[in-house]
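Okay, model06.txt now, which holds compact mmCIF, C-alpha atoms:
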# COMPACT_ATOMS: atom_id res chain seq x y z
CA MET A 1 70.43 103.31 23.43
CA ALA A 2 68.40 100.47 22.03
CA ASP A 3 65.61 98.81 23.99
CA PRO A 4 66.54 95.51 25.48
CA GLN A 5 65.14 92.53 23.56
CA ARG A 6 62.02 91.19 25.14
CA ILE A 7 61.21 87.49 25.09
CA HIS A 8 57.55 86.55 24.82
CA PRO A 9 56.36 83.05 25.68
CA VAL A 10 55.37 81.04 22.65
CA HIS A 11 52.68 78.38 22.78
CA ASP A 12 54.15 74.94 22.16
CA VAL A 13 51.96 73.05 19.73
CA GLU A 14 53.55 69.72 20.64
CA ALA A 15 52.86 70.15 24.33
CA PRO A 16 50.00 68.06 25.67
CA ASN A 17 46.70 69.76 25.89
CA HIS A 18 45.96 69.80 29.60
CA PRO A 19 42.45 70.73 30.60
CA THR A 20 42.21 73.93 32.38
CA ALA A 21 38.99 73.03 34.11
CA PRO A 22 39.34 72.03 37.73
CA LEU A 23 39.11 68.33 38.61
CA VAL A 24 36.57 69.09 41.28
CA PRO A 25 33.37 70.79 40.26
CA ARG A 26 32.98 74.33 41.41
CA SER A 27 29.78 73.56 43.23
CA VAL A 28 31.52 71.03 45.46
CA SER A 29 33.97 72.20 47.99
CA LYS A 30 37.31 70.53 48.24
CA SER A 31 36.65 69.42 51.74
CA ASP A 32 33.48 67.59 50.63
CA ALA A 33 34.98 65.89 47.61
CA GLY A 34 38.31 65.16 49.15
CA ASP A 35 41.26 64.05 47.26
CA PRO A 36 40.06 61.94 44.29
CA GLU A 37 43.05 59.68 44.60
CA ASN A 38 42.19 58.84 48.17
CA VAL A 39 38.49 58.10 47.53
CA VAL A 40 37.64 54.48 48.44
CA HIS A 41 35.18 52.80 46.06
CA HIS A 42 32.98 50.30 47.84
CA PRO A 43 31.54 47.43 45.76
CA PRO A 44 27.75 47.35 45.35
CA PRO A 45 25.92 45.16 47.81
CA PRO A 46 25.29 41.67 46.48
CA THR A 47 21.88 41.19 44.98
CA SER A 48 19.91 38.11 45.90
CA LEU A 49 19.72 35.63 43.02
CA PRO A 50 16.52 33.67 42.38
CA SER A 51 16.66 30.19 43.73
CA GLN A 52 17.22 27.58 41.01
CA PRO A 53 16.09 23.95 41.17
CA VAL A 54 18.78 21.49 41.91
CA MET A 55 19.59 19.44 38.83
CA HIS A 56 20.25 15.78 39.49
CA SER A 57 22.26 13.81 36.99
CA LYS A 58 20.46 10.91 35.31
CA PRO A 59 21.54 7.46 36.32
CA PRO A 60 23.42 5.58 33.62
CA LYS A 61 21.26 3.48 31.30
CA LYS A 62 21.08 -0.17 32.12
CA ARG A 63 21.92 -2.76 29.53
CA ARG A 64 19.10 -4.63 27.88
CA SER A 65 18.08 -7.70 29.74
CA CYS A 66 18.50 -11.19 28.33
CA CYS A 67 14.73 -11.53 27.87
CA CYS A 68 14.61 -8.41 25.70
CA ARG A 69 17.46 -9.62 23.50
CA PHE A 70 15.87 -13.07 23.21
CA LEU A 71 12.55 -11.50 22.20
CA CYS A 72 14.25 -9.42 19.50
CA TRP A 73 16.04 -12.48 18.11
CA PHE A 74 12.83 -14.53 18.17
CA ILE A 75 10.85 -11.87 16.29
CA SER A 76 13.61 -11.49 13.72
CA ILE A 77 13.80 -15.24 13.09
CA LEU A 78 10.01 -15.46 12.87
CA LEU A 79 9.88 -12.68 10.27
CA ILE A 80 12.61 -14.38 8.25
CA LEU A 81 10.67 -17.67 8.31
CA ILE A 82 7.45 -15.95 7.22
CA VAL A 83 9.23 -14.25 4.33
CA ALA A 84 10.91 -17.54 3.30
CA ILE A 85 7.58 -19.42 3.38
CA GLY A 86 5.92 -16.68 1.34
CA ILE A 87 8.68 -16.81 -1.27
CA THR A 88 8.45 -20.62 -1.44
CA ILE A 89 4.66 -20.53 -1.89
CA GLY A 90 5.02 -17.90 -4.59
CA ILE A 91 7.57 -20.01 -6.49
CA LEU A 92 5.39 -23.13 -6.22
CA PHE A 93 2.38 -21.17 -7.45
CA LEU A 94 4.27 -19.91 -10.49
CA VAL A 95 5.65 -23.37 -11.30
CA PHE A 96 2.55 -25.55 -10.77
CA ARG A 97 -0.27 -23.06 -11.46
CA PRO A 98 -2.76 -24.73 -9.05
CA LYS A 99 -6.48 -24.80 -9.86
CA LEU A 100 -9.36 -25.83 -7.63
CA PRO A 101 -11.00 -29.19 -8.34
CA LYS A 102 -14.60 -29.22 -9.51
CA TYR A 103 -17.48 -31.44 -8.44
CA SER A 104 -20.98 -32.00 -9.78
CA VAL A 105 -23.89 -34.35 -9.07
CA ASP A 106 -24.74 -36.21 -12.25
CA GLU A 107 -27.49 -38.53 -11.01
CA LEU A 108 -29.62 -39.24 -7.94
CA ARG A 109 -31.58 -42.46 -7.54
CA VAL A 110 -33.91 -43.10 -4.60
CA THR A 111 -34.07 -46.82 -3.87
CA GLN A 112 -35.84 -46.49 -0.50
CA PHE A 113 -37.99 -43.77 1.02
CA ASP A 114 -40.38 -45.59 3.33
CA LEU A 115 -42.19 -44.57 6.50
CA ALA A 116 -42.48 -47.50 8.93
CA ASP A 117 -45.24 -48.12 11.47
CA ASN A 118 -43.13 -46.61 14.25
CA ASN A 119 -42.89 -43.30 12.31
CA SER A 120 -39.25 -43.93 11.40
CA LEU A 121 -38.19 -43.01 7.86
CA SER A 122 -35.72 -45.25 6.02
CA VAL A 123 -33.91 -43.55 3.14
CA THR A 124 -31.39 -44.91 0.62
CA PHE A 125 -29.89 -42.73 -2.10
CA ASN A 126 -27.46 -43.68 -4.85
CA LEU A 127 -25.46 -40.66 -5.92
CA THR A 128 -23.31 -40.31 -9.00
CA ILE A 129 -20.71 -37.60 -8.48
CA ILE A 130 -18.21 -36.42 -11.09
CA ALA A 131 -14.85 -35.18 -9.72
CA ARG A 132 -12.60 -33.18 -12.06
CA ASN A 133 -8.93 -32.37 -11.51
CA PRO A 134 -7.99 -29.60 -13.99
CA ASN A 135 -4.32 -29.34 -12.90
CA LYS A 136 -1.47 -30.28 -15.25
CA LYS A 137 1.16 -31.01 -12.59
CA ILE A 138 -0.86 -31.66 -9.41
CA GLY A 139 -2.39 -34.96 -8.31
CA ILE A 140 -5.00 -35.47 -5.56
CA ASP A 141 -4.80 -38.45 -3.21
CA TYR A 142 -8.22 -39.01 -1.61
CA ARG A 143 -7.68 -40.55 1.83
CA GLY A 144 -9.92 -42.48 4.19
CA GLY A 145 -12.15 -40.83 6.78
CA SER A 146 -14.44 -38.98 4.37
CA HIS A 147 -18.08 -38.22 5.12
CA ILE A 148 -21.01 -37.25 2.91
CA SER A 149 -24.59 -36.56 4.00
CA ALA A 150 -27.87 -35.51 2.39
CA TRP A 151 -30.15 -33.01 4.15
CA TYR A 152 -33.65 -31.71 3.74
CA MET A 153 -33.91 -28.36 5.53
CA ASP A 154 -32.32 -29.09 8.93
CA THR A 155 -32.98 -32.83 8.89
CA LYS A 156 -30.30 -35.31 7.85
CA LEU A 157 -31.83 -37.96 5.63
CA CYS A 158 -28.89 -40.29 4.93
CA GLU A 159 -25.09 -40.44 4.92
CA GLY A 160 -22.13 -42.36 3.54
CA SER A 161 -18.46 -42.02 2.56
CA LEU A 162 -16.32 -41.61 -0.55
CA PRO A 163 -13.88 -44.32 -1.64
CA LYS A 164 -10.11 -43.91 -1.39
CA PHE A 165 -8.43 -43.29 -4.72
CA TYR A 166 -5.73 -41.27 -6.45
CA GLN A 167 -6.75 -38.76 -9.10
CA GLY A 168 -4.01 -37.90 -11.58
CA HIS A 169 -3.37 -34.82 -13.70
CA ARG A 170 -6.31 -33.56 -15.73
CA ASN A 171 -8.39 -36.54 -14.69
CA ILE A 172 -12.17 -36.97 -14.52
CA THR A 173 -13.43 -39.61 -12.09
CA VAL A 174 -17.04 -40.81 -11.80
CA LEU A 175 -18.00 -41.92 -8.28
CA SER A 176 -21.06 -44.00 -7.37
CA ILE A 177 -21.84 -43.46 -3.69
CA PRO A 178 -24.62 -45.12 -1.65
CA LEU A 179 -26.18 -43.09 1.20
CA ILE A 180 -28.24 -44.79 3.91
CA GLY A 181 -30.15 -43.26 6.82
CA HIS A 182 -32.95 -43.66 9.37
CA THR A 183 -34.93 -40.75 10.83
CA GLN A 184 -37.09 -41.13 13.93
CA ASP A 185 -40.47 -39.39 14.34
CA ALA A 186 -40.57 -38.60 10.62
CA SER A 187 -44.33 -38.44 10.04
CA GLY A 188 -44.23 -34.66 10.11
CA LEU A 189 -41.19 -34.66 7.81
CA GLN A 190 -42.87 -36.77 5.13
CA SER A 191 -46.02 -34.66 5.22
CA THR A 192 -43.92 -31.50 4.84
CA ILE A 193 -42.14 -32.94 1.79
CA GLN A 194 -45.46 -33.98 0.20
CA GLN A 195 -46.92 -30.52 0.84
CA GLN A 196 -43.93 -28.82 -0.79
CA LEU A 197 -44.18 -31.11 -3.80
CA GLN A 198 -47.81 -30.11 -4.25
CA GLN A 199 -47.06 -26.39 -3.94
CA THR A 200 -43.79 -26.02 -5.88
CA GLY A 201 -43.37 -29.33 -7.71
CA ASN A 202 -39.79 -29.84 -6.44
CA VAL A 203 -37.79 -30.73 -3.35
CA PRO A 204 -34.55 -28.93 -2.31
CA LEU A 205 -31.71 -31.08 -0.96
CA ASN A 206 -28.30 -30.20 0.43
CA LEU A 207 -25.20 -32.38 0.19
CA LYS A 208 -22.31 -31.86 2.61
CA VAL A 209 -18.94 -33.51 1.93
CA LYS A 210 -15.82 -33.63 4.12
CA GLN A 211 -12.88 -35.32 2.43
CA PRO A 212 -9.25 -35.52 3.70
CA VAL A 213 -6.72 -35.47 0.86
CA ARG A 214 -3.00 -35.13 0.23
CA ILE A 215 -1.81 -32.95 -2.63
CA LYS A 216 0.99 -34.34 -4.76
CA LEU A 217 3.31 -31.86 -6.51
CA GLY A 218 5.28 -33.96 -8.94
CA LYS A 219 6.83 -36.61 -6.68
CA LEU A 220 6.40 -34.55 -3.52
CA LYS A 221 3.39 -35.25 -1.27
CA LEU A 222 2.32 -32.38 0.95
CA PHE A 223 0.64 -32.54 4.34
CA LYS A 224 -2.98 -33.62 4.70
CA ILE A 225 -5.74 -31.07 4.16
CA LYS A 226 -9.55 -31.29 4.17
CA PHE A 227 -11.79 -30.61 1.21
CA ARG A 228 -15.25 -29.28 2.00
CA VAL A 229 -17.92 -29.40 -0.69
CA ARG A 230 -21.47 -28.07 -0.43
CA CYS A 231 -23.95 -28.94 -3.17
CA ARG A 232 -27.49 -27.67 -3.50
CA LEU A 233 -29.87 -29.87 -5.49
CA VAL A 234 -33.43 -29.39 -6.61
CA VAL A 235 -35.22 -32.63 -7.64
CA ASP A 236 -38.72 -33.20 -8.91
CA ASN A 237 -39.63 -35.99 -6.41
CA LEU A 238 -38.29 -38.41 -3.81
CA ASN A 239 -40.44 -41.43 -4.58
CA ALA A 240 -38.62 -44.75 -4.42
CA ASN A 241 -37.83 -46.59 -7.66
CA ASN A 242 -38.97 -43.63 -9.74
CA SER A 243 -36.98 -41.65 -12.24
CA ILE A 244 -35.59 -38.65 -10.34
CA ARG A 245 -34.80 -35.62 -12.41
CA ILE A 246 -32.29 -33.08 -11.11
CA ARG A 247 -33.63 -29.67 -12.06
CA SER A 248 -30.68 -27.66 -10.75
CA SER A 249 -27.34 -28.41 -9.14
CA SER A 250 -24.59 -26.13 -7.84
CA CYS A 251 -21.54 -27.01 -5.74
CA LYS A 252 -19.16 -24.82 -3.76
CA PHE A 253 -15.68 -25.94 -2.83
CA ARG A 254 -13.24 -24.84 -0.15
CA PHE A 255 -10.38 -26.44 1.75
CA ARG A 256 -9.00 -26.18 5.28
CA LEU A 257 -5.49 -26.97 6.47

Re-express the file's structure as structure tokens.
Amino acid sequence: MADPQRIHPVHDVEAPNHPTAPLVPRSVSKSDAGDPENVVHHPPPPTSLPSQPVMHSKPPKKRRSCCCRFLCWFISILLILIVAIGITIGILFLVFRPKLPKYSVDELRVTQFDLADNNSLSVTFNLTIIARNPNKKIGIDYRGGSHISAWYMDTKLCEGSLPKFYQGHRNITVLSIPLIGHTQDASGLQSTIQQQLQQTGNVPLNLKVKQPVRIKLGKLKLFKIKFRVRCRLVVDNLNANNSIRIRSSSCKFRFRL
């Protein structure tokens, strides 16, 4: 009689692979570990955070005040005016090509240079000045209120004024100007002049001129300005009614608004 067929268990490859190791370690007894499903997990104690500074929100920006806006407008308008004036001056310069007038002393005659008994010195000069206007399109209107004076060192010898006249384009005008003056306590002054004549053979003089004028550009007359002329002369003597020779002459010109 044949042996009954025996059935052997076959390992199922599709069955899940369950771990055979126990869920609780061997070294820990079940009573100590307890049921893992019933273990209560307590959260960690809160850690103290470092204190942070309190941040305050910035107040909203205020609008610019009326004074600030006015100041901005004023500065802007001022800059625009300065630029406009600069452009206008530049255009006028290119159109008219201005040149400075020139002055020279052509002749000096001494009609009086006398020391009185009271030590007062009376001086009278007759100057011949040549004024040149080299401009093609600019005229010079010499106004009243001018002043011219002759000096020796720091002492004013005599003074006078220039006549009023209009000097046209590229014009040369010869001016004859009398200068009259009186100097008190002049005995020391006359002796100093005589001593210098003996040592150097000449006498230095300074002429100072202040002349208000108005510049004419075509038919347009500008505002009044002041011409200032400084001339340095060296003459051979200051004797009255003698022939005075001018050994050197140089003039510097500038103007002031």

Tell me which residues come within 12 Å of (-29.3, -39.9, 5.6), as an MDAnalysis selection string, counting only C-alpha atoms in the file's coordinates.
chainID A and resid 110 112:113 121:126 147:152 154:161 178:184 205:208

Residues just named, written with C-alpha atoms as a tab-separated table (two decimals), keeping the file's coordinate frame:
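Saved as part20.tsv:
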chain	number	residue	atom	x	y	z
A	110	VAL	CA	-33.91	-43.10	-4.60
A	112	GLN	CA	-35.84	-46.49	-0.50
A	113	PHE	CA	-37.99	-43.77	1.02
A	121	LEU	CA	-38.19	-43.01	7.86
A	122	SER	CA	-35.72	-45.25	6.02
A	123	VAL	CA	-33.91	-43.55	3.14
A	124	THR	CA	-31.39	-44.91	0.62
A	125	PHE	CA	-29.89	-42.73	-2.10
A	126	ASN	CA	-27.46	-43.68	-4.85
A	147	HIS	CA	-18.08	-38.22	5.12
A	148	ILE	CA	-21.01	-37.25	2.91
A	149	SER	CA	-24.59	-36.56	4.00
A	150	ALA	CA	-27.87	-35.51	2.39
A	151	TRP	CA	-30.15	-33.01	4.15
A	152	TYR	CA	-33.65	-31.71	3.74
A	154	ASP	CA	-32.32	-29.09	8.93
A	155	THR	CA	-32.98	-32.83	8.89
A	156	LYS	CA	-30.30	-35.31	7.85
A	157	LEU	CA	-31.83	-37.96	5.63
A	158	CYS	CA	-28.89	-40.29	4.93
A	159	GLU	CA	-25.09	-40.44	4.92
A	160	GLY	CA	-22.13	-42.36	3.54
A	161	SER	CA	-18.46	-42.02	2.56
A	178	PRO	CA	-24.62	-45.12	-1.65
A	179	LEU	CA	-26.18	-43.09	1.20
A	180	ILE	CA	-28.24	-44.79	3.91
A	181	GLY	CA	-30.15	-43.26	6.82
A	182	HIS	CA	-32.95	-43.66	9.37
A	183	THR	CA	-34.93	-40.75	10.83
A	184	GLN	CA	-37.09	-41.13	13.93
A	205	LEU	CA	-31.71	-31.08	-0.96
A	206	ASN	CA	-28.30	-30.20	0.43
A	207	LEU	CA	-25.20	-32.38	0.19
A	208	LYS	CA	-22.31	-31.86	2.61

Residue neighbourhood Pro101 in chain A, 9 Å, all atoms listed in the file, exclusion window fewer than 5 positions, as a PDB file with C-alpha atoms, in the frame of the given file:
ATOM      1  CA  ALA A 131     -14.850 -35.180  -9.720  1.00  0.00           C
ATOM      2  CA  ARG A 132     -12.600 -33.180 -12.060  1.00  0.00           C
ATOM      3  CA  ASN A 133      -8.930 -32.370 -11.510  1.00  0.00           C
ATOM      4  CA  PRO A 134      -7.990 -29.600 -13.990  1.00  0.00           C
ATOM      5  CA  ASN A 135      -4.320 -29.340 -12.900  1.00  0.00           C
ATOM      6  CA  PHE A 253     -15.680 -25.940  -2.830  1.00  0.00           C
TER       7      PHE A 253
END

Please provide the set of residues having any atom within 12 Å of Arg97 in chain A, restricted to all atoms listed in the file, with same-chain residues fewer than 3 positions apart removed, written as a short mmCIF file (atom, residue, chain, number, x, y, z; two decimals) with C-alpha atoms, in the coordinates of the input.
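Below you can see out01.cif, which holds the result:
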data_model
loop_
_atom_site.label_atom_id
_atom_site.label_comp_id
_atom_site.auth_asym_id
_atom_site.auth_seq_id
_atom_site.Cartn_x
_atom_site.Cartn_y
_atom_site.Cartn_z
CA ILE A 89 4.66 -20.53 -1.89
CA GLY A 90 5.02 -17.90 -4.59
CA ILE A 91 7.57 -20.01 -6.49
CA LEU A 92 5.39 -23.13 -6.22
CA PHE A 93 2.38 -21.17 -7.45
CA LEU A 94 4.27 -19.91 -10.49
CA LEU A 100 -9.36 -25.83 -7.63
CA PRO A 134 -7.99 -29.60 -13.99
CA ASN A 135 -4.32 -29.34 -12.90
CA LYS A 136 -1.47 -30.28 -15.25
CA LYS A 137 1.16 -31.01 -12.59
CA ILE A 138 -0.86 -31.66 -9.41
CA LEU A 217 3.31 -31.86 -6.51
#

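As for CA of Lys99 in chain A and CA of Lys252 in chain A, they are spaced 14.1 Å apart.
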
When you look at Val174 in chain A with a cut-off of 8 Å (counting all atoms listed in the file), what residues show up, excluding the ones that are within fewer than 4 positions of it in the same chain? I need them as a list in words.
Thr128, Ile129, Ile130 and Ala131 of chain A

For Ser104 in chain A, the nearest of the candidates A:Thr200, A:Asn118, A:Ser76, A:Thr173, counting all atoms listed in the file:
A:Thr173

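Neighbouring residues of Arg214 in chain A at 12 Å or closer, counting only C-alpha atoms and skipping chain neighbours under 4 positions away, are Ile138, Gly139, Ile140, Asp141, Tyr142, Arg143, Gly144, Lys164, Phe165, Tyr166, Gln167, Leu220, Lys221, Leu222, Phe223, Lys224, Ile225, Lys226, Phe227, Phe255, Arg256 and Leu257 of chain A.
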
Pairwise distance for CA of Asn202 in chain A and CA of Ile172 in chain A, rounded to one decimal in Å
29.6 Å

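Taking CA of Leu115 in chain A and CA of Asn241 in chain A as endpoints, the distance between them is 15.0 Å.
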